[in-house]
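Participant: The structure that follows is given in the form of structure tokens.
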Amino acid sequence: MYDWANSAFSTTVVTAFLGPYLTGIAEAGADADGRVSLLGGLLLVKAGSLWPYATALSVILQVLVLPIAGAIADRTRSKKELLAGFAYVGAAATCGLMFVTGDRYELGAWLFLVANVSLGASVVVYNSFLPQIATEKERDKVSSRGWAMGYLGGGLLFLFNLIALLMGGTENQAEIARWSLVSAGVWWAAFTTFTMLWLKNRSPLEGVAEGSALTDGFRQFWRTLKGLRAFPLTLLFLVAFLIYNDGIQTVISLAGLYGAEELGFELTELMPVILMVQILAFGGALLLGWLAKRYGAKRTVLGSLVAWVAILVVAYLMPANNFPLFLALGAGIGLVLGGSQALSRSLFSQLIPRGKEGEYFGLYEISDKGTSWLGPLLFGLAYDLTESYRIAIISLIVFFAAGFVLLLMVPMRRAIIAVGNRPPARV
């Protein structure tokens, strides 16, 4: 249910509407050189780079916040309430996007920072429930179904917004986009409430010392970083995931911008494709979950990374205004999107020492579900230097290639045993 709730933000805000909308607001307030002023004139960037830079900055902030949130989650007896706090703050910031009009591009950037950091922190707490409610044997299935429900819920709200966009006429697109952003905040808050009604708090696991959740959380974060040296294979997997998922999240968050600015599609053309991605991602998460059961999760994720490289090559070579090819590209993204993320989450849950789920997922979440930073930073820099979105998009291949090599080097069964867990039949 919480995947269902927060995926509205990932779909409607991050993937679909905010990138093109905020870029349009920035371009309206840009100077003669196409640059916008930030922080009272201390910083000047191209209007087209504002959204990638805002995305990257939000994750730099998460590097500080998320691991601490995870360590606190392992210590508190009020984990459910902690999840609610982060979720409602993020939803409120999303609703605040209704005030981003005229040339208020900087307000839009700051509200997105608050919302995206809150999303990341809430998902850290949410993910830490997985080892407490599912056995080792069940986690691939439970994680895949969670991701599938998220894409279904996010896609349903997006469908409503798409209908409004198509019925509203070209002259009303910006206003409809603004209220679509607000609807994601309302959806996020409303379905988080259902999560709070049904989810039960779990006590800290045996071996996790109680005390001040906040101060002990900071101390435990540093102990977690030091403790990772005892589990080098877990660290290797985490580095591999941080790299390749950075590429995935960058493609998700900047697909709308690339389609609008480089390929020349209108919102009324982009949005049906994004809806199709959501629908196919629901089926793709279940399909890759089935493949993982048959061939192992690691092999399945490796295959998905090869598919991501092919997707980027097609995007780079794609001629502008070729809608059928753009539709086929969206289909490819949808089929590999949900499964590659869901199986990565379940694989990582096997590599965590018992009782340290929250703090380890705090590190994991630094590059999960809309929290990539190196990818948007590289994308923004590439555009700033070349003024070409094609160069920016093809530069992301490095993340998938490096992630593939590093993941290939992880002996999963040995890594699971090393942290004291029991490996499933196929990994």
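Every chain in the structure tokens takes a letter, A first, then B, and so on in the order presented; its residues are numbered from 1, and the ligands are numbered from 1 following the presented order.
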Excluding A:Gly339 and any residue of its chain fewer than 3 positions from it, enumerate the residues within 9 Å of it, using only C-alpha atoms, and give them as a list in words.

Facilitator: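 Once the adjacent positions are removed, what remains is Ser144, Trp147, Ala148, Ala281, Phe282, Gly283, Gly284, Ala285, Leu286, Leu287, Leu288, Gly289, Thr300, Val301, Ser304, Leu335, Val336, Ala342, Leu343 and Ser344 of chain A.
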
Participant: Write out, as a short mmCIF file (atom, residue, chain, number, x, y, z; two decimals), in the first residue's frame, the residues just selected, with N, CA, C and O atoms.

Facilitator:
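Listed below is the output, selection_7.cif:
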```cif
data_model
loop_
_atom_site.label_atom_id
_atom_site.label_comp_id
_atom_site.auth_asym_id
_atom_site.auth_seq_id
_atom_site.Cartn_x
_atom_site.Cartn_y
_atom_site.Cartn_z
N SER A 144 8.70 -7.84 -5.38
CA SER A 144 8.22 -7.66 -6.75
C SER A 144 6.77 -7.22 -6.77
O SER A 144 6.37 -6.35 -7.55
N TRP A 147 6.56 -3.49 -5.78
CA TRP A 147 6.90 -2.63 -6.90
C TRP A 147 5.77 -2.63 -7.94
O TRP A 147 5.42 -1.59 -8.49
N ALA A 148 5.20 -3.82 -8.21
CA ALA A 148 4.12 -3.90 -9.20
C ALA A 148 2.92 -3.06 -8.76
O ALA A 148 2.33 -2.33 -9.56
N ALA A 281 5.40 -1.64 -16.66
CA ALA A 281 6.28 -1.85 -15.51
C ALA A 281 5.60 -2.76 -14.49
O ALA A 281 6.27 -3.54 -13.80
N PHE A 282 4.29 -2.67 -14.35
CA PHE A 282 3.54 -3.57 -13.47
C PHE A 282 3.74 -5.02 -13.92
O PHE A 282 4.12 -5.89 -13.14
N GLY A 283 3.52 -5.27 -15.22
CA GLY A 283 3.72 -6.62 -15.73
C GLY A 283 5.18 -7.02 -15.76
O GLY A 283 5.52 -8.17 -15.50
N GLY A 284 6.06 -6.04 -16.04
CA GLY A 284 7.48 -6.34 -16.09
C GLY A 284 8.05 -6.74 -14.75
O GLY A 284 8.91 -7.63 -14.66
N ALA A 285 7.56 -6.12 -13.67
CA ALA A 285 8.02 -6.49 -12.33
C ALA A 285 7.64 -7.93 -12.02
O ALA A 285 8.44 -8.70 -11.46
N LEU A 286 6.42 -8.33 -12.40
CA LEU A 286 5.98 -9.71 -12.17
C LEU A 286 6.74 -10.68 -13.08
O LEU A 286 7.11 -11.78 -12.65
N LEU A 287 6.98 -10.26 -14.34
CA LEU A 287 7.69 -11.12 -15.28
C LEU A 287 9.12 -11.38 -14.81
O LEU A 287 9.58 -12.53 -14.80
N LEU A 288 9.84 -10.31 -14.43
CA LEU A 288 11.21 -10.50 -13.97
C LEU A 288 11.25 -11.26 -12.64
O LEU A 288 12.22 -11.98 -12.37
N GLY A 289 10.21 -11.10 -11.82
CA GLY A 289 10.12 -11.91 -10.60
C GLY A 289 10.01 -13.40 -10.93
O GLY A 289 10.62 -14.25 -10.28
N THR A 300 18.99 -12.41 -13.63
CA THR A 300 17.91 -11.62 -14.20
C THR A 300 18.25 -10.14 -14.19
O THR A 300 18.00 -9.42 -15.18
N VAL A 301 18.82 -9.64 -13.10
CA VAL A 301 19.21 -8.23 -13.03
C VAL A 301 20.31 -7.93 -14.05
O VAL A 301 20.28 -6.89 -14.73
N SER A 304 18.81 -7.45 -17.34
CA SER A 304 18.10 -6.17 -17.45
C SER A 304 19.06 -5.02 -17.71
O SER A 304 18.71 -4.06 -18.40
N LEU A 335 9.22 -2.71 -19.55
CA LEU A 335 9.41 -4.14 -19.29
C LEU A 335 10.57 -4.41 -18.34
O LEU A 335 10.54 -5.40 -17.60
N VAL A 336 11.60 -3.57 -18.34
CA VAL A 336 12.75 -3.85 -17.48
C VAL A 336 12.79 -2.99 -16.22
O VAL A 336 13.52 -3.29 -15.28
N ALA A 342 13.00 -4.04 -8.24
CA ALA A 342 12.43 -4.92 -7.21
C ALA A 342 13.39 -6.04 -6.84
O ALA A 342 13.58 -6.36 -5.66
N LEU A 343 14.03 -6.65 -7.84
CA LEU A 343 14.94 -7.75 -7.55
C LEU A 343 16.22 -7.26 -6.88
O LEU A 343 16.81 -7.97 -6.06
N SER A 344 16.65 -6.05 -7.20
CA SER A 344 17.81 -5.48 -6.50
C SER A 344 17.50 -5.31 -5.02
O SER A 344 18.34 -5.59 -4.16
#
```

Participant: Give one line per residue of stretch 251-302 of chain A that approaches stretch 162-177 of chain A to at most 10 Å, naming the two atoms of the closest pair and their distance in Å to one decimal, counting only C-alpha atoms; sort by chain then ascending residue number and deliver it as a tab-separated table.

Facilitator:
```
residue	atom	partner	partner_atom	distance
A:Glu266	CA	A:Thr170	CA	9.3
A:Leu267	CA	A:Gln173	CA	7.7
A:Thr268	CA	A:Leu166	CA	6.3
A:Glu269	CA	A:Leu166	CA	9.5
A:Leu270	CA	A:Leu162	CA	9.8
A:Met271	CA	A:Leu162	CA	6.3
A:Pro272	CA	A:Leu162	CA	7.1
A:Ile274	CA	A:Leu162	CA	9.7
A:Leu275	CA	A:Leu162	CA	8.2
```

Participant: Keeping only all heavy atoms, write those residues as a compact mmCIF listing (two decimals), in the first residue's frame.

Facilitator:
```txt
# COMPACT_ATOMS: atom_id res chain seq x y z
N GLU A 266 5.00 17.03 -27.73
CA GLU A 266 4.16 17.82 -26.84
C GLU A 266 3.77 16.97 -25.62
O GLU A 266 3.88 15.74 -25.64
CB GLU A 266 2.89 18.28 -27.57
CG GLU A 266 3.16 19.18 -28.78
CD GLU A 266 3.68 20.55 -28.36
OE1 GLU A 266 3.41 20.97 -27.22
OE2 GLU A 266 4.37 21.19 -29.18
N LEU A 267 3.27 17.66 -24.58
CA LEU A 267 2.83 16.93 -23.39
C LEU A 267 1.77 15.89 -23.73
O LEU A 267 1.75 14.80 -23.16
CB LEU A 267 2.29 17.91 -22.34
CG LEU A 267 3.30 18.60 -21.43
CD1 LEU A 267 2.59 19.56 -20.49
CD2 LEU A 267 4.13 17.60 -20.64
N THR A 268 0.88 16.23 -24.64
CA THR A 268 -0.20 15.31 -25.00
C THR A 268 0.33 14.06 -25.72
O THR A 268 -0.37 13.05 -25.81
CB THR A 268 -1.23 16.01 -25.89
OG1 THR A 268 -0.55 16.67 -26.98
CG2 THR A 268 -2.02 17.04 -25.10
N GLU A 269 1.55 14.12 -26.24
CA GLU A 269 2.18 12.94 -26.84
C GLU A 269 3.04 12.20 -25.82
O GLU A 269 3.10 10.96 -25.81
CB GLU A 269 3.06 13.36 -28.02
CG GLU A 269 2.28 13.98 -29.18
CD GLU A 269 3.21 14.54 -30.25
OE1 GLU A 269 4.01 15.43 -29.94
OE2 GLU A 269 3.11 14.07 -31.41
N LEU A 270 3.71 12.94 -24.94
CA LEU A 270 4.59 12.32 -23.94
C LEU A 270 3.81 11.52 -22.91
O LEU A 270 4.19 10.42 -22.52
CB LEU A 270 5.40 13.40 -23.23
CG LEU A 270 6.56 14.04 -23.98
CD1 LEU A 270 7.12 15.20 -23.17
CD2 LEU A 270 7.64 13.01 -24.26
N MET A 271 2.71 12.10 -22.44
CA MET A 271 2.02 11.51 -21.30
C MET A 271 1.43 10.12 -21.57
O MET A 271 1.52 9.23 -20.72
CB MET A 271 0.94 12.46 -20.78
CG MET A 271 1.50 13.80 -20.30
SD MET A 271 2.80 13.58 -19.05
CE MET A 271 4.03 14.74 -19.61
N PRO A 272 0.83 9.86 -22.74
CA PRO A 272 0.36 8.48 -22.98
C PRO A 272 1.50 7.46 -22.98
O PRO A 272 1.30 6.31 -22.54
CB PRO A 272 -0.29 8.57 -24.37
CG PRO A 272 -0.68 10.00 -24.52
CD PRO A 272 0.39 10.78 -23.81
N ILE A 274 4.29 7.67 -21.17
CA ILE A 274 4.66 7.47 -19.77
C ILE A 274 3.64 6.58 -19.07
O ILE A 274 3.99 5.72 -18.24
CB ILE A 274 4.81 8.83 -19.06
CG1 ILE A 274 5.99 9.60 -19.67
CG2 ILE A 274 5.02 8.64 -17.56
CD1 ILE A 274 6.17 11.01 -19.13
N LEU A 275 2.34 6.74 -19.40
CA LEU A 275 1.31 5.87 -18.83
C LEU A 275 1.54 4.42 -19.26
O LEU A 275 1.43 3.49 -18.45
CB LEU A 275 -0.07 6.34 -19.28
CG LEU A 275 -1.24 5.45 -18.85
CD1 LEU A 275 -1.34 5.39 -17.33
CD2 LEU A 275 -2.55 5.94 -19.46
```

Participant: Each residue of stretch 266-375 of chain A lying at most 12 Å from stretch 402-417 of chain A should get a row with its shortest atom-to-atom pair and the distance in Å to one decimal, counting only C-alpha atoms; could you produce that, ordered by chain and increasing number, as CSV?

Facilitator:
```
residue,atom,partner,partner_atom,distance
A:Gly296,CA,A:Met412,CA,10.2
A:Ala297,CA,A:Met412,CA,9.7
A:Lys298,CA,A:Met412,CA,7.7
A:Arg299,CA,A:Leu408,CA,8.7
A:Thr300,CA,A:Leu407,CA,11.5
A:Val301,CA,A:Phe404,CA,8.8
A:Leu302,CA,A:Phe404,CA,6.2
A:Gly303,CA,A:Phe404,CA,9.0
A:Ser304,CA,A:Phe404,CA,9.6
A:Leu305,CA,A:Phe404,CA,6.5
A:Val306,CA,A:Phe404,CA,8.0
A:Ala307,CA,A:Phe404,CA,11.2
A:Trp308,CA,A:Phe404,CA,10.7
A:Val309,CA,A:Phe404,CA,10.3
A:Ser344,CA,A:Leu407,CA,10.4
A:Ser346,CA,A:Ile416,CA,11.8
A:Leu347,CA,A:Met412,CA,8.4
A:Phe348,CA,A:Ile416,CA,9.2
A:Ser349,CA,A:Ile416,CA,9.4
A:Gln350,CA,A:Ile416,CA,5.8
A:Leu351,CA,A:Ile416,CA,5.1
A:Ile352,CA,A:Ile416,CA,8.1
A:Pro353,CA,A:Ile416,CA,9.1
A:Arg354,CA,A:Ile416,CA,11.4
```

Participant: Got time to write the residues from that selection, N, CA and C atoms, as an mmCIF file, in the first residue's frame?

Facilitator:
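Contents of selection_31.cif, as written:
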```
data_model
loop_
_atom_site.group_PDB
_atom_site.id
_atom_site.type_symbol
_atom_site.label_atom_id
_atom_site.label_comp_id
_atom_site.auth_asym_id
_atom_site.auth_seq_id
_atom_site.Cartn_x
_atom_site.Cartn_y
_atom_site.Cartn_z
ATOM 1 N N GLY A 296 17.305 -17.257 -11.212
ATOM 2 C CA GLY A 296 18.046 -16.563 -10.167
ATOM 3 C C GLY A 296 17.957 -15.054 -10.344
ATOM 4 N N ALA A 297 17.864 -14.338 -9.214
ATOM 5 C CA ALA A 297 17.680 -12.888 -9.269
ATOM 6 C C ALA A 297 18.895 -12.179 -9.861
ATOM 7 N N LYS A 298 20.094 -12.640 -9.518
ATOM 8 C CA LYS A 298 21.293 -11.965 -10.014
ATOM 9 C C LYS A 298 21.381 -12.029 -11.533
ATOM 10 N N ARG A 299 21.166 -13.204 -12.112
ATOM 11 C CA ARG A 299 21.229 -13.334 -13.572
ATOM 12 C C ARG A 299 20.161 -12.465 -14.244
ATOM 13 N N THR A 300 18.994 -12.411 -13.631
ATOM 14 C CA THR A 300 17.909 -11.620 -14.199
ATOM 15 C C THR A 300 18.251 -10.138 -14.195
ATOM 16 N N VAL A 301 18.818 -9.639 -13.100
ATOM 17 C CA VAL A 301 19.206 -8.229 -13.028
ATOM 18 C C VAL A 301 20.307 -7.930 -14.045
ATOM 19 N N LEU A 302 21.284 -8.823 -14.184
ATOM 20 C CA LEU A 302 22.345 -8.617 -15.171
ATOM 21 C C LEU A 302 21.765 -8.496 -16.582
ATOM 22 N N GLY A 303 20.801 -9.364 -16.901
ATOM 23 C CA GLY A 303 20.163 -9.278 -18.210
ATOM 24 C C GLY A 303 19.438 -7.957 -18.414
ATOM 25 N N SER A 304 18.809 -7.447 -17.337
ATOM 26 C CA SER A 304 18.096 -6.169 -17.449
ATOM 27 C C SER A 304 19.064 -5.018 -17.710
ATOM 28 N N LEU A 305 20.288 -5.088 -17.172
ATOM 29 C CA LEU A 305 21.260 -4.018 -17.394
ATOM 30 C C LEU A 305 21.707 -3.976 -18.858
ATOM 31 N N VAL A 306 21.814 -5.133 -19.484
ATOM 32 C CA VAL A 306 22.118 -5.170 -20.925
ATOM 33 C C VAL A 306 20.995 -4.483 -21.705
ATOM 34 N N ALA A 307 19.753 -4.744 -21.284
ATOM 35 C CA ALA A 307 18.606 -4.119 -21.950
ATOM 36 C C ALA A 307 18.628 -2.596 -21.782
ATOM 37 N N TRP A 308 19.056 -2.113 -20.610
ATOM 38 C CA TRP A 308 19.125 -0.669 -20.387
ATOM 39 C C TRP A 308 20.145 -0.002 -21.323
ATOM 40 N N VAL A 309 21.262 -0.660 -21.557
ATOM 41 C CA VAL A 309 22.255 -0.115 -22.498
ATOM 42 C C VAL A 309 21.646 0.016 -23.895
ATOM 43 N N SER A 344 16.647 -6.046 -7.198
ATOM 44 C CA SER A 344 17.811 -5.482 -6.503
ATOM 45 C C SER A 344 17.502 -5.310 -5.023
ATOM 46 N N SER A 346 15.309 -7.016 -3.181
ATOM 47 C CA SER A 346 15.236 -8.303 -2.490
ATOM 48 C C SER A 346 16.620 -8.940 -2.362
ATOM 49 N N LEU A 347 17.486 -8.759 -3.369
ATOM 50 C CA LEU A 347 18.852 -9.266 -3.268
ATOM 51 C C LEU A 347 19.594 -8.603 -2.111
ATOM 52 N N PHE A 348 19.456 -7.286 -2.007
ATOM 53 C CA PHE A 348 20.159 -6.581 -0.944
ATOM 54 C C PHE A 348 19.641 -6.977 0.433
ATOM 55 N N SER A 349 18.338 -7.258 0.542
ATOM 56 C CA SER A 349 17.787 -7.653 1.840
ATOM 57 C C SER A 349 18.418 -8.943 2.354
ATOM 58 N N GLN A 350 18.941 -9.771 1.436
ATOM 59 C CA GLN A 350 19.609 -11.012 1.842
ATOM 60 C C GLN A 350 21.017 -10.754 2.373
ATOM 61 N N LEU A 351 21.572 -9.572 2.077
ATOM 62 C CA LEU A 351 22.972 -9.286 2.396
ATOM 63 C C LEU A 351 23.130 -8.419 3.638
ATOM 64 N N ILE A 352 22.060 -8.273 4.422
ATOM 65 C CA ILE A 352 22.079 -7.407 5.606
ATOM 66 C C ILE A 352 22.166 -8.260 6.869
ATOM 67 N N PRO A 353 23.102 -7.976 7.773
ATOM 68 C CA PRO A 353 23.130 -8.684 9.048
ATOM 69 C C PRO A 353 21.840 -8.438 9.813
ATOM 70 N N ARG A 354 21.346 -9.441 10.492
ATOM 71 C CA ARG A 354 20.077 -9.348 11.208
ATOM 72 C C ARG A 354 20.117 -8.229 12.250
#
```

Participant: What's the 9 Å shell around stretch 84-98 of chain A, counting only C-alpha atoms, without same-chain residues fewer than 4 positions away, as a PyMOL selection string?

Facilitator: chain A and resi 6+9+13+79-80+107-108+111-123+178-179+181-189+192-193+195-196

Participant: Given the selection you just returned, output its residues as a file containing N, CA and C atoms, formatted as a CSV table (one decimal), in the first residue's frame.

Facilitator:
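Saved result, again.csv, follows:
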```
chain,number,residue,atom,x,y,z
A,6,ASN,N,3.3,6.2,-2.6
A,6,ASN,CA,4.4,7.2,-2.9
A,6,ASN,C,4.7,7.1,-4.4
A,9,PHE,N,4.1,10.2,-6.6
A,9,PHE,CA,5.1,11.2,-6.7
A,9,PHE,C,6.1,10.9,-7.7
A,13,VAL,N,5.2,13.4,-10.6
A,13,VAL,CA,6.0,14.6,-10.4
A,13,VAL,C,7.4,14.4,-11.0
A,79,LYS,N,8.4,3.0,14.6
A,79,LYS,CA,8.8,3.0,13.2
A,79,LYS,C,7.7,3.4,12.2
A,80,LYS,N,6.5,3.0,12.5
A,80,LYS,CA,5.3,3.3,11.7
A,80,LYS,C,5.1,4.8,11.7
A,107,LEU,N,11.4,28.6,-6.1
A,107,LEU,CA,10.5,28.0,-5.2
A,107,LEU,C,10.2,26.6,-5.5
A,108,GLY,N,10.0,26.3,-6.8
A,108,GLY,CA,9.7,25.0,-7.3
A,108,GLY,C,10.9,24.0,-7.0
A,111,LEU,N,10.9,23.3,-3.1
A,111,LEU,CA,9.8,22.4,-2.7
A,111,LEU,C,10.1,21.0,-3.2
A,112,PHE,N,10.7,20.8,-4.4
A,112,PHE,CA,11.1,19.5,-4.8
A,112,PHE,C,12.2,18.9,-4.0
A,113,LEU,N,13.1,19.7,-3.5
A,113,LEU,CA,14.2,19.2,-2.6
A,113,LEU,C,13.6,18.6,-1.4
A,114,VAL,N,12.7,19.4,-0.7
A,114,VAL,CA,12.0,18.9,0.5
A,114,VAL,C,11.3,17.6,0.2
A,115,ALA,N,10.5,17.6,-0.8
A,115,ALA,CA,9.6,16.4,-1.1
A,115,ALA,C,10.5,15.2,-1.5
A,116,ASN,N,11.5,15.4,-2.2
A,116,ASN,CA,12.3,14.2,-2.6
A,116,ASN,C,13.2,13.6,-1.5
A,117,VAL,N,13.7,14.5,-0.6
A,117,VAL,CA,14.4,14.0,0.5
A,117,VAL,C,13.5,13.3,1.5
A,118,SER,N,12.3,13.8,1.6
A,118,SER,CA,11.3,13.2,2.5
A,118,SER,C,10.9,11.8,1.9
A,119,LEU,N,10.7,11.8,0.6
A,119,LEU,CA,10.4,10.5,0.0
A,119,LEU,C,11.5,9.4,0.3
A,120,GLY,N,12.7,9.8,0.0
A,120,GLY,CA,13.8,8.9,0.3
A,120,GLY,C,13.9,8.4,1.7
A,121,ALA,N,13.7,9.3,2.7
A,121,ALA,CA,13.7,8.9,4.1
A,121,ALA,C,12.6,8.0,4.4
A,122,SER,N,11.4,8.3,3.9
A,122,SER,CA,10.2,7.4,4.2
A,122,SER,C,10.4,6.0,3.6
A,123,VAL,N,11.0,5.9,2.4
A,123,VAL,CA,11.2,4.6,1.8
A,123,VAL,C,12.3,3.8,2.5
A,178,ARG,N,0.2,21.9,-13.4
A,178,ARG,CA,0.4,22.3,-12.1
A,178,ARG,C,-0.5,21.6,-11.1
A,179,TRP,N,-1.8,21.5,-11.5
A,179,TRP,CA,-2.7,20.8,-10.6
A,179,TRP,C,-2.5,19.3,-10.5
A,181,LEU,N,0.5,18.0,-10.4
A,181,LEU,CA,1.5,17.9,-9.4
A,181,LEU,C,0.9,17.9,-8.0
A,182,VAL,N,-0.1,18.8,-7.8
A,182,VAL,CA,-0.7,18.9,-6.5
A,182,VAL,C,-1.5,17.5,-6.2
A,183,SER,N,-2.1,17.0,-7.2
A,183,SER,CA,-2.8,15.7,-7.0
A,183,SER,C,-1.9,14.6,-6.5
A,184,ALA,N,-0.7,14.6,-6.9
A,184,ALA,CA,0.3,13.6,-6.4
A,184,ALA,C,0.5,13.7,-4.9
A,185,GLY,N,0.6,14.9,-4.4
A,185,GLY,CA,0.7,15.1,-3.0
A,185,GLY,C,-0.5,14.7,-2.2
A,186,VAL,N,-1.7,15.0,-2.7
A,186,VAL,CA,-2.9,14.5,-2.1
A,186,VAL,C,-3.0,13.0,-2.1
A,187,TRP,N,-2.7,12.4,-3.2
A,187,TRP,CA,-2.7,10.9,-3.3
A,187,TRP,C,-1.7,10.3,-2.3
A,188,TRP,N,-0.5,10.8,-2.3
A,188,TRP,CA,0.5,10.3,-1.4
A,188,TRP,C,0.0,10.3,0.1
A,189,ALA,N,-0.5,11.5,0.5
A,189,ALA,CA,-1.0,11.6,1.9
A,189,ALA,C,-2.1,10.7,2.1
A,192,THR,N,-1.1,7.0,2.3
A,192,THR,CA,-0.2,6.7,3.4
A,192,THR,C,-1.1,6.5,4.7
A,193,THR,N,-2.2,7.2,4.7
A,193,THR,CA,-3.1,7.0,5.9
A,193,THR,C,-3.6,5.5,6.0
A,195,THR,N,-2.0,3.0,4.9
A,195,THR,CA,-0.8,2.2,5.4
A,195,THR,C,-0.7,2.3,6.9
A,196,MET,N,-0.9,3.5,7.4
A,196,MET,CA,-0.8,3.7,8.9
A,196,MET,C,-1.9,2.9,9.6
```

Participant: Using DSSP assignments from the backbone, pull out every residue in stretch 17-145 of chain A that falls under strand (DSSP E) and give it to me as a PyMOL selection string.

Facilitator: chain A and resi 35-38+43-46

Participant: Just the selected residues (N, CA, C and O atoms), exported as a CSV table (one decimal), in the first residue's frame, please.

Facilitator:
```
chain,number,residue,atom,x,y,z
A,35,ARG,N,20.0,31.9,-19.0
A,35,ARG,CA,20.4,31.5,-17.7
A,35,ARG,C,19.5,32.0,-16.6
A,35,ARG,O,18.9,33.1,-16.8
A,36,VAL,N,19.4,31.3,-15.5
A,36,VAL,CA,18.6,31.7,-14.4
A,36,VAL,C,19.4,31.9,-13.2
A,36,VAL,O,20.5,31.3,-13.0
A,37,SER,N,19.0,32.8,-12.3
A,37,SER,CA,19.7,33.2,-11.1
A,37,SER,C,19.2,32.5,-9.9
A,37,SER,O,18.0,32.4,-9.7
A,38,LEU,N,20.1,31.9,-9.1
A,38,LEU,CA,19.7,31.2,-7.9
A,38,LEU,C,20.4,31.7,-6.7
A,38,LEU,O,21.5,32.3,-6.8
A,43,LEU,N,24.5,32.1,-8.0
A,43,LEU,CA,24.7,31.0,-8.9
A,43,LEU,C,23.8,31.3,-10.2
A,43,LEU,O,22.7,31.7,-10.1
A,44,LEU,N,24.5,31.1,-11.3
A,44,LEU,CA,23.8,31.2,-12.6
A,44,LEU,C,23.9,29.9,-13.4
A,44,LEU,O,25.1,29.4,-13.5
A,45,VAL,N,22.8,29.3,-13.8
A,45,VAL,CA,22.8,28.1,-14.6
A,45,VAL,C,21.9,28.2,-15.8
A,45,VAL,O,21.0,29.1,-15.8
A,46,LYS,N,22.1,27.4,-16.8
A,46,LYS,CA,21.2,27.4,-17.9
A,46,LYS,C,19.8,26.9,-17.5
A,46,LYS,O,19.7,26.0,-16.6
```

Participant: Quick one: residues within 8 Å of A:Ile394, only C-alpha atoms, excluding same-chain residues fewer than 5 positions away - as JSON, numbers by chain?

Facilitator: {"A": [312, 313, 315, 316]}

Participant: Using Å and a single decimal, report how far atom CA of A:Ser180 sits from atom CA of A:Leu199.

Facilitator: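 Atom CA of A:Ser180 lies 28.3 Å from atom CA of A:Leu199.
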